[in-house]
Structure formats: structure tokens, C-alpha cells
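What follows is one structure encoded as C-alpha cells, with my remarks underneath.
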Amino acid sequence: MKERIGRWIDQGGLIVLMTVSWVGLAPSVNLQTIGTGFILSLVIRQLVATLFHRTYRVRTDLAFIGSMLVYLKNLIIAMIRSSLTVLPVILKRSDEPIIFQVHLTTSDRLVVLLVANAITLTPGTITLDASQDNVLTVLSLVDDGAHGLSLTTDILNQFNKPFEKAMAKGENQ
């Protein structure tokens, strides 16, 4: 029974995650929106499974889905905060960009990709490089006064930390 539930979560987790994302981005929530999101999620999941089943292995367990939802919430909050922080720098034209490195605590390439993308999506920062040893080189328009130390801490807490439990669970299986 436990294997059957695990298989269902593995096969249906991505569909649930995409449907929730679709409904969350929809201007209004109604039965048609939920149905459309579900059908599109089924089609996309089948395309991904058909085209990339040997190339990529997408984790869709409950811990990863929960981590992804926390990551998305943190990303939206970080984008708003960063916009407010960068705005005065842009208006005053007083930018003194800094380059710093973020040493991620994960070896999972998907999490490295998600963190690098979150940095680039956040106004005022861009990921310049993602090395093989999971170190991200970041350019920031805002100097935190600590050579990027507080920015690094924020990045790790907002984007890397949500995946720590899910990655630990995946390593134990």
C-alpha cells in the first residue's frame, strides 16, 4: 500500500504542483480554471515524461512540493523587497556594484539551478556563474557593507534552506 501511494505521489505530484501554480496565477478561481489547469498539467506532465524520461528525473514527492511552494513564496517576497531596495539606488544613480560568492549547501543540480534563477529574477542581482562545486558568483547593485555576507545569508535562507529537508529525505531513500 505504501509503495502504491508513493508511486501515485511520484506520478501525480508534478500534476498537482502545476495545477496549484496555474490556479495561483489565474485572475479568478472557478471550476473552469481548475479544470483547465488540471488538463494542461496532465498534457505537460505527459510531454515531459515522454521527451525527457531518460534525461531528467523530476522529484515530485510531498517534501519537494512543499519545499517548492515555500521557495515560490520566498521568491515573491524577495522580489518585492529587492525592488524597494534597488529603486533608490537607480534613482540616485549611486550604484557601486559588488561581486560575491554564495556557497550552496546542496549538491543537487536542480536546487542549484533554482537558487541561481531566483537570484537573477530578483531585481538588482544577477547570477554570473554557477560552478561545478555549487558556488554561485553573484553581481549585486546594492552593497550591503559586508562584502556580500548579509546578501549571501539572505540567499541561503530564502532559496536554499527550503530544500534542505527534502534533499535529506531523498538521500536517505
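Each chain of the C-alpha cells is named A, B, ... in the order shown, its residues numbered from 1; ligands are numbered from 1 in display order.
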
What lies within 7 Å of range 65-73 of chain A using only C-alpha atoms, ignoring chain neighbours under 5 positions off, as number ranges by chain? A: 17, 60, 158-159, 162-163, 166

As a PyMOL selection string, which residues of range 15-127 of chain A does DSSP assign to helix (DSSP H, G or I)? chain A and resi 15-25+31-52+62-92+109-121

As an MDAnalysis selection string, please: all residues of range 3-163 of chain A that backbone DSSP puts in strand (DSSP E). chainID A and resid 98:103 125:130 135:140

Pull N, CA and C atoms from the residues just selected and write them as a short mmCIF file (atom, residue, chain, number, x, y, z; two decimals), in the first residue's frame.
data_model
loop_
_atom_site.label_atom_id
_atom_site.label_comp_id
_atom_site.auth_asym_id
_atom_site.auth_seq_id
_atom_site.Cartn_x
_atom_site.Cartn_y
_atom_site.Cartn_z
N ILE A 98 28.76 45.17 -6.39
CA ILE A 98 29.72 44.27 -5.77
C ILE A 98 29.54 42.88 -6.38
N ILE A 99 30.61 42.12 -6.35
CA ILE A 99 30.57 40.72 -6.78
C ILE A 99 30.95 39.87 -5.57
N PHE A 100 30.14 38.86 -5.30
CA PHE A 100 30.42 37.98 -4.17
C PHE A 100 30.03 36.56 -4.55
N GLN A 101 30.42 35.63 -3.71
CA GLN A 101 30.13 34.22 -3.98
C GLN A 101 29.22 33.65 -2.90
N VAL A 102 28.34 32.76 -3.35
CA VAL A 102 27.42 32.06 -2.46
C VAL A 102 27.76 30.57 -2.54
N HIS A 103 28.17 30.00 -1.43
CA HIS A 103 28.50 28.57 -1.36
C HIS A 103 27.24 27.83 -0.90
N THR A 125 20.14 41.96 -8.72
CA THR A 125 21.13 40.90 -8.63
C THR A 125 21.07 40.02 -9.87
N ILE A 126 22.20 39.44 -10.20
CA ILE A 126 22.27 38.51 -11.32
C ILE A 126 23.33 37.46 -11.00
N THR A 127 23.03 36.23 -11.35
CA THR A 127 24.00 35.15 -11.19
C THR A 127 24.93 35.17 -12.39
N LEU A 128 26.22 35.36 -12.13
CA LEU A 128 27.20 35.40 -13.20
C LEU A 128 27.72 34.02 -13.57
N ASP A 129 27.84 33.14 -12.55
CA ASP A 129 28.40 31.82 -12.80
C ASP A 129 27.90 30.84 -11.74
N ALA A 130 27.71 29.61 -12.18
CA ALA A 130 27.38 28.51 -11.26
C ALA A 130 28.43 27.43 -11.51
N VAL A 135 29.08 26.67 -6.23
CA VAL A 135 29.36 28.03 -5.80
C VAL A 135 28.82 28.96 -6.87
N LEU A 136 27.97 29.90 -6.44
CA LEU A 136 27.39 30.86 -7.36
C LEU A 136 28.14 32.19 -7.23
N THR A 137 28.51 32.78 -8.35
CA THR A 137 29.10 34.11 -8.36
C THR A 137 27.99 35.08 -8.72
N VAL A 138 27.79 36.09 -7.85
CA VAL A 138 26.64 36.98 -7.95
C VAL A 138 27.10 38.43 -8.06
N LEU A 139 26.44 39.19 -8.94
CA LEU A 139 26.64 40.63 -9.06
C LEU A 139 25.44 41.31 -8.44
N SER A 140 25.68 42.26 -7.55
CA SER A 140 24.59 42.98 -6.90
C SER A 140 24.79 44.48 -7.04
#

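Shell of range 77-82 of chain A at 7 Å, with only C-alpha atoms counted and residues fewer than 4 places along the chain excluded, is Lys73, Val86, Thr122, Pro123 and Gly124 of chain A.
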
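Among the candidate residues A:Thr19, A:Gln132, A:Ser28, A:Ser41, the one lying nearest to Val112 in chain A is A:Gln132, with distances computed using only C-alpha atoms.
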